[in-house]
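Trainee: Okay, handing you the structure first.
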Amino acid sequence: MATQPVNVLELGKTPSATVLKLSWPTILEQIAFTVLNFSDTAMVGVLGAACTAAVGITAPVLWLVNGIIAAVSVGFSVQVAQDVGAGEMDRASSVIRQAFVFSLLSGALLTVVCLLLSPTLPALMGAEDEVLPLARQYFGVVCFSFFFNCLETVMAATLRCMGNTRTPMTANTIAIFLNILLNWLLIFPPLTLHLGEKAIVIPRANMGPAGAALGTVLSIAAATILILIPLVRGKGELKLNLSGKFSFDLPVLGRAAFLGIPVALERITMSLGQAVYLRIVSTMGTTAVAAHHLAVQAESLSYLPSFGFSVAATTLVGQSVGASQPERGLNFGRIAANMGLICMSVTGVLLFVLSAPIISLFTRDAAVIALGGSLLRVVAFAQPGEAWAEIYTGALRGAGDSRWPFYINLVGVWGIRVLLAVIFVFGFGLGLQWVWVAMLADLTFRGIVCRRRFLRQSWYR
């Protein structure tokens, strides 16, 4: 997994080939993440709807934390992409080192703050009495993953913006399958195997949802190590240099703040909206919360192509802007979005046709399967809009325009998704499916507006 930073604008024979070469490792990585999400949810789901709800009830908080981490990663990685495009390798090396130290401090702070809040957060999120103790145990353990997650996410993002998408793919894929093994050992009670007259007992921890959280912590820690080793030992022009005196460079931090704060505000806005959104769902009971959580997990199928093409768009647009070639960046962004649109339209068809079988992978509860399947059939129609929203947002961030995605998300999440959900549920007394119709409207709106913003090229002027 040697680090090979490179200007990737000429990576392929054609712009489309360049986009594909950058996208496919990240798409494979997302497939592995989907396997992880499916296995995590399915393993916990075997224990019943209460355990599934315990994991799902704190999901908006995890989204918020991941949003803050994403802001840090955007703030530094986009600078790396633009510096590589401009040929300023010394400055890119300085940004990488500062990203490492800043992510260490940020991860530690997030872990401490969330640990202090862990006893009260599940109750604030509306967990019912049977769910509350399980949710507290789960969140209290998963908080320790934030330190490693911040470091791993930020350094992996810098690698991708240097054109190295294979190292993050390899590291995260190994860690994901490690997590599946750890889940099997930590979630369930001891297993007795009978081989003829002999009985072999496999010791397992029987920790329930908390075991899934511990497996997450350990696997992310492993991914962090695998990401850092090639960065520190890299033989290429860029690597993470930990020797010598260190001090933050104020212009780098200022640029990181300019790029990252809108992303943080965007994710905070979205996470708070998701929290209110989930609070609306929680008024419908444990079955609704479980079905909602499982459908969200199943919908992650659609993220497989979009995230990969979004990473490619960020890298290629960022390096094009650094090289003062905005028209080239515009072309790369458009190609990535069109490829993602085609792929996600296919996943939308799969979500619609296989809705019930997909949900049944996670639970045996017939009511949850029926309700969750109906939700997937609704969100299947949102996949084209979601593709444009995700990929054009990545392209805008690569160009240094991280403010407009925040504005667009603010209107979409609060002005459309939350508002319509409140009207549908409390105004008209409609069911959970209509809460997801509100999500469909939000994603479609964001996709259209993000596309228009990028194609107008206001980000370069």
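Naming works like this for the structure tokens: A, B, ... for the chains as they're shown, residue 1 at the start of each chain, ligands 1 onward in shown order.
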With a cut-off of 6 Å, could you pull out the residues of region 294-345 of chain A touching region 388-405 of chain A and give me the nearest pair of atoms for each, distance in Å to one decimal, using only C-alpha atoms, ordered by chain and ascending number, as a Markdown table?
Mentor:
| residue | atom | partner | partner_atom | distance |
| --- | --- | --- | --- | --- |
| A:Ser310 | CA | A:Ile391 | CA | 4.1 |
| A:Ala313 | CA | A:Ala395 | CA | 4.8 |
| A:Thr314 | CA | A:Gly398 | CA | 4.1 |
| A:Val317 | CA | A:Gly398 | CA | 5.3 |
| A:Gly318 | CA | A:Gly398 | CA | 4.1 |
| A:Gly333 | CA | A:Ala395 | CA | 5.7 |
| A:Ala337 | CA | A:Ile391 | CA | 5.6 |
Trainee: Could you list, as a list in words, every residue within 6 Å of region 208-213 of chain A, counting only C-alpha atoms and ignoring same-chain residues fewer than 3 positions away?
Mentor: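 The neighbour list is Gln137, Tyr138, Val141, Val142, Asn183, Leu186, Ile187 and Thr216 of chain A.
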Trainee: Produce a file of the selected residues containing N, CA, C and O atoms, as an mmCIF file, in the first residue's frame.
Mentor:
data_model
loop_
_atom_site.group_PDB
_atom_site.id
_atom_site.type_symbol
_atom_site.label_atom_id
_atom_site.label_comp_id
_atom_site.auth_asym_id
_atom_site.auth_seq_id
_atom_site.Cartn_x
_atom_site.Cartn_y
_atom_site.Cartn_z
ATOM 1 N N GLN A 137 -25.771 1.778 26.572
ATOM 2 C CA GLN A 137 -24.598 0.906 26.503
ATOM 3 C C GLN A 137 -23.928 1.007 25.134
ATOM 4 O O GLN A 137 -22.700 1.124 25.041
ATOM 5 N N TYR A 138 -24.728 0.971 24.082
ATOM 6 C CA TYR A 138 -24.176 1.031 22.725
ATOM 7 C C TYR A 138 -23.426 2.342 22.495
ATOM 8 O O TYR A 138 -22.268 2.346 22.057
ATOM 9 N N VAL A 141 -20.045 2.952 24.353
ATOM 10 C CA VAL A 141 -18.872 2.252 23.806
ATOM 11 C C VAL A 141 -18.454 2.853 22.473
ATOM 12 O O VAL A 141 -17.264 3.081 22.225
ATOM 13 N N VAL A 142 -19.425 3.146 21.612
ATOM 14 C CA VAL A 142 -19.092 3.596 20.259
ATOM 15 C C VAL A 142 -18.422 4.967 20.272
ATOM 16 O O VAL A 142 -17.739 5.339 19.306
ATOM 17 N N ASN A 183 -17.802 -8.760 15.574
ATOM 18 C CA ASN A 183 -19.227 -8.782 15.919
ATOM 19 C C ASN A 183 -19.676 -10.179 16.322
ATOM 20 O O ASN A 183 -20.413 -10.364 17.296
ATOM 21 N N LEU A 186 -18.370 -10.863 19.776
ATOM 22 C CA LEU A 186 -18.712 -9.964 20.873
ATOM 23 C C LEU A 186 -20.211 -9.819 21.122
ATOM 24 O O LEU A 186 -20.626 -9.584 22.261
ATOM 25 N N ILE A 187 -21.044 -9.967 20.091
ATOM 26 C CA ILE A 187 -22.479 -9.718 20.253
ATOM 27 C C ILE A 187 -23.197 -10.884 20.919
ATOM 28 O O ILE A 187 -24.040 -10.694 21.811
ATOM 29 N N THR A 216 -16.829 -2.086 16.260
ATOM 30 C CA THR A 216 -16.607 -0.893 15.436
ATOM 31 C C THR A 216 -15.356 -0.152 15.883
ATOM 32 O O THR A 216 -14.536 0.266 15.060
#
Trainee: Could you state the separation of CA of Gly308 (chain A) and CA of Ile27 (chain A) in Å, given to one decimal place?
Mentor: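 So the two atoms, CA of Gly308 (chain A) and CA of Ile27 (chain A), lie 4.8 Å apart.
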Trainee: Could you name the residues that touch Val113 (chain A) at 12 Å or less, counting only C-alpha atoms, but leaving out those on the same chain fewer than 6 positions away, as a ChimeraX atom specification?
Mentor: /A:61,65,106-107,119,121,140,143-144,146-147
Trainee: Can you write out the residues you just picked, keeping N, CA, C and O atoms, as a PDB file, in the first residue's frame?
Mentor:
ATOM      1  N   VAL A  61     -26.934  11.424  16.062  1.00  0.00           N
ATOM      2  CA  VAL A  61     -25.754  11.911  16.783  1.00  0.00           C
ATOM      3  C   VAL A  61     -24.482  11.439  16.070  1.00  0.00           C
ATOM      4  O   VAL A  61     -23.513  12.196  15.927  1.00  0.00           O
ATOM      5  N   VAL A  65     -21.485  13.762  14.462  1.00  0.00           N
ATOM      6  CA  VAL A  65     -20.050  13.585  14.703  1.00  0.00           C
ATOM      7  C   VAL A  65     -19.315  13.360  13.387  1.00  0.00           C
ATOM      8  O   VAL A  65     -18.267  13.965  13.121  1.00  0.00           O
ATOM      9  N   SER A 106      -8.925  16.976  17.309  1.00  0.00           N
ATOM     10  CA  SER A 106     -10.378  16.994  17.100  1.00  0.00           C
ATOM     11  C   SER A 106     -11.020  15.687  17.525  1.00  0.00           C
ATOM     12  O   SER A 106     -12.083  15.679  18.166  1.00  0.00           O
ATOM     13  N   GLY A 107     -10.385  14.574  17.182  1.00  0.00           N
ATOM     14  CA  GLY A 107     -10.928  13.268  17.556  1.00  0.00           C
ATOM     15  C   GLY A 107     -10.986  13.077  19.049  1.00  0.00           C
ATOM     16  O   GLY A 107     -11.967  12.531  19.587  1.00  0.00           O
ATOM     17  N   PRO A 119     -24.934   9.380  28.821  1.00  0.00           N
ATOM     18  CA  PRO A 119     -26.039   8.909  29.671  1.00  0.00           C
ATOM     19  C   PRO A 119     -27.393   9.540  29.337  1.00  0.00           C
ATOM     20  O   PRO A 119     -28.436   8.956  29.633  1.00  0.00           O
ATOM     21  N   LEU A 121     -28.259  11.293  26.130  1.00  0.00           N
ATOM     22  CA  LEU A 121     -28.646  11.456  24.732  1.00  0.00           C
ATOM     23  C   LEU A 121     -29.757  10.507  24.273  1.00  0.00           C
ATOM     24  O   LEU A 121     -30.702  10.941  23.609  1.00  0.00           O
ATOM     25  N   GLY A 140     -22.306   4.536  24.666  1.00  0.00           N
ATOM     26  CA  GLY A 140     -21.177   4.723  25.567  1.00  0.00           C
ATOM     27  C   GLY A 140     -19.902   4.055  25.072  1.00  0.00           C
ATOM     28  O   GLY A 140     -18.796   4.535  25.322  1.00  0.00           O
ATOM     29  N   CYS A 143     -18.561   5.731  21.362  1.00  0.00           N
ATOM     30  CA  CYS A 143     -17.891   7.034  21.469  1.00  0.00           C
ATOM     31  C   CYS A 143     -16.385   6.912  21.289  1.00  0.00           C
ATOM     32  O   CYS A 143     -15.736   7.829  20.759  1.00  0.00           O
ATOM     33  N   PHE A 144     -15.806   5.787  21.714  1.00  0.00           N
ATOM     34  CA  PHE A 144     -14.353   5.628  21.636  1.00  0.00           C
ATOM     35  C   PHE A 144     -13.879   5.487  20.181  1.00  0.00           C
ATOM     36  O   PHE A 144     -12.681   5.627  19.914  1.00  0.00           O
ATOM     37  N   PHE A 146     -14.653   7.547  17.837  1.00  0.00           N
ATOM     38  CA  PHE A 146     -14.567   8.859  17.205  1.00  0.00           C
ATOM     39  C   PHE A 146     -13.120   9.335  17.069  1.00  0.00           C
ATOM     40  O   PHE A 146     -12.773  10.006  16.099  1.00  0.00           O
ATOM     41  N   PHE A 147     -12.281   9.011  18.055  1.00  0.00           N
ATOM     42  CA  PHE A 147     -10.875   9.405  17.986  1.00  0.00           C
ATOM     43  C   PHE A 147     -10.207   8.792  16.755  1.00  0.00           C
ATOM     44  O   PHE A 147      -9.574   9.487  15.952  1.00  0.00           O
TER      45      PHE A 147
END
Trainee: Please identify which residues in region 98-231 of chain A DSSP calls strand (DSSP E) from the backbone, and express them as a ChimeraX atom specification.
Mentor: /A:191-195,198-202
Trainee: If you take only C-alpha atoms and a cut-off of 12 Å, which residues of region 247-289 of chain A touch region 91-99 of chain A, and what are their nearest atom pairs and distances in Å to one decimal, in chain and number order, as a Markdown table?
Mentor:
| residue | atom | partner | partner_atom | distance |
| --- | --- | --- | --- | --- |
| A:Ser247 | CA | A:Gln98 | CA | 8.1 |
| A:Phe248 | CA | A:Gln98 | CA | 6.4 |
| A:Asp249 | CA | A:Gln98 | CA | 7.9 |
| A:Leu250 | CA | A:Gln98 | CA | 10.4 |
| A:Pro251 | CA | A:Val95 | CA | 10.3 |
| A:Val252 | CA | A:Val95 | CA | 6.8 |
| A:Leu253 | CA | A:Gln98 | CA | 8.4 |
| A:Gly254 | CA | A:Val95 | CA | 11.7 |
| A:Arg255 | CA | A:Val95 | CA | 10.4 |
| A:Ala256 | CA | A:Ala99 | CA | 9.3 |
Trainee: Let's have the selection written as a JSON list (two decimals), in the first residue's frame, with N, CA, C and O atoms.
Mentor:
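As a result, selection-v4.json now contains:
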[["chain", "number", "residue", "atom", "x", "y", "z"],
["A", 247, "SER", "N", 4.53, 23.40, 14.28],
["A", 247, "SER", "CA", 3.66, 24.54, 14.61],
["A", 247, "SER", "C", 2.64, 24.69, 13.50],
["A", 247, "SER", "O", 2.93, 24.40, 12.33],
["A", 248, "PHE", "N", 1.45, 25.12, 13.87],
["A", 248, "PHE", "CA", 0.40, 25.31, 12.87],
["A", 248, "PHE", "C", 0.71, 26.53, 12.02],
["A", 248, "PHE", "O", 1.24, 27.54, 12.49],
["A", 249, "ASP", "N", 0.37, 26.43, 10.74],
["A", 249, "ASP", "CA", 0.51, 27.53, 9.78],
["A", 249, "ASP", "C", -0.85, 28.22, 9.70],
["A", 249, "ASP", "O", -1.84, 27.64, 9.24],
["A", 250, "LEU", "N", -0.91, 29.48, 10.14],
["A", 250, "LEU", "CA", -2.20, 30.16, 10.21],
["A", 250, "LEU", "C", -2.90, 30.28, 8.85],
["A", 250, "LEU", "O", -4.12, 30.12, 8.78],
["A", 251, "PRO", "N", -2.19, 30.55, 7.74],
["A", 251, "PRO", "CA", -2.89, 30.57, 6.45],
["A", 251, "PRO", "C", -3.53, 29.22, 6.09],
["A", 251, "PRO", "O", -4.62, 29.18, 5.53],
["A", 252, "VAL", "N", -2.84, 28.12, 6.44],
["A", 252, "VAL", "CA", -3.41, 26.80, 6.17],
["A", 252, "VAL", "C", -4.65, 26.58, 7.02],
["A", 252, "VAL", "O", -5.69, 26.09, 6.54],
["A", 253, "LEU", "N", -4.57, 26.94, 8.31],
["A", 253, "LEU", "CA", -5.73, 26.79, 9.19],
["A", 253, "LEU", "C", -6.88, 27.70, 8.74],
["A", 253, "LEU", "O", -8.05, 27.32, 8.81],
["A", 254, "GLY", "N", -6.53, 28.91, 8.29],
["A", 254, "GLY", "CA", -7.57, 29.82, 7.81],
["A", 254, "GLY", "C", -8.27, 29.28, 6.58],
["A", 254, "GLY", "O", -9.50, 29.35, 6.48],
["A", 255, "ARG", "N", -7.49, 28.71, 5.66],
["A", 255, "ARG", "CA", -8.09, 28.10, 4.47],
["A", 255, "ARG", "C", -8.93, 26.88, 4.84],
["A", 255, "ARG", "O", -10.00, 26.66, 4.27],
["A", 256, "ALA", "N", -8.43, 26.09, 5.81],
["A", 256, "ALA", "CA", -9.18, 24.93, 6.27],
["A", 256, "ALA", "C", -10.51, 25.36, 6.89],
["A", 256, "ALA", "O", -11.54, 24.71, 6.68]]
Trainee: Which neighbours of region 268-274 of chain A fall inside 9 Å, counting only C-alpha atoms, when residues of the same chain fewer than 3 positions from it are skipped, and could you give them as a count of residues only?
Mentor: 22
Trainee: With distances taken over only C-alpha atoms, which of A:Ala275, A:Val435, A:Val154, A:Leu28 is nearest to Ile69 (chain A)?
Mentor: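 The shortest atom-to-atom distance to Ile69 (chain A) comes from A:Val154.
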Trainee: Using only C-alpha atoms, determine which residues lie at most 8 Å from Leu242 (chain A), disregarding the query and same-chain residues fewer than 2 positions distant; provide the list as a list in words.
Mentor: Arg97, Val232, Leu240 and Gly244 of chain A
Trainee: A:Ala108, A:Val281, A:Leu195, A:Gly45: which is nearest Ala127 (chain A), counting only C-alpha atoms?
Mentor: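 Of A:Ala108, A:Val281, A:Leu195, A:Gly45, the one nearest Ala127 (chain A), counting only C-alpha atoms, is A:Val281.
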Trainee: Name all residues at most 8 Å from region 169-175 of chain A (count only C-alpha atoms; drop same-chain ones fewer than 4 positions away) and give them as a PyMOL selection string.
Mentor: chain A and resi 1+25-26+28-29+32-33+165+179+219-220+222-224+226-227
Trainee: Find the residues of region 119-210 of chain A that sit at most 10 Å from region 77-80 of chain A; for each, write down the nearest two atoms and how far apart they are in Å, to one decimal. Count only C-alpha atoms. Sort by chain, then by number going up, and give it as a tab-separated table.
Mentor:
residue	atom	partner	partner_atom	distance
A:Val154	CA	A:Ser77	CA	7.4
A:Met155	CA	A:Ser77	CA	8.2
A:Ala156	CA	A:Ser77	CA	8.9
A:Ala157	CA	A:Ser77	CA	5.8
A:Thr158	CA	A:Ser77	CA	4.5
A:Leu159	CA	A:Ser77	CA	8.0
A:Arg160	CA	A:Ser77	CA	8.2
A:Cys161	CA	A:Ser77	CA	6.1
A:Met162	CA	A:Val80	CA	6.8
Trainee: With only C-alpha atoms as the basis for distance, which of A:Phe139, A:Leu228, A:Phe332, A:Ile202 is at the shortest distance from Glu10 (chain A)?
Mentor: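 Going through A:Phe139, A:Leu228, A:Phe332, A:Ile202 one by one, the smallest distance to Glu10 (chain A) is for A:Phe332.
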Trainee: In Å to one decimal, how far is CA of Gly372 (chain A) from CA of Ala291 (chain A)?
Mentor: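 Taking CA of Ala291 (chain A) as the start and CA of Gly372 (chain A) as the end point, the length is 4.6 Å.
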Trainee: For each of A:Leu351, A:Ile408, A:Leu11, A:Leu455, take the minimum atom-to-atom distance to Arg267 (chain A), counting only C-alpha atoms, then give the residue where this is smallest.
Mentor: A:Ile408
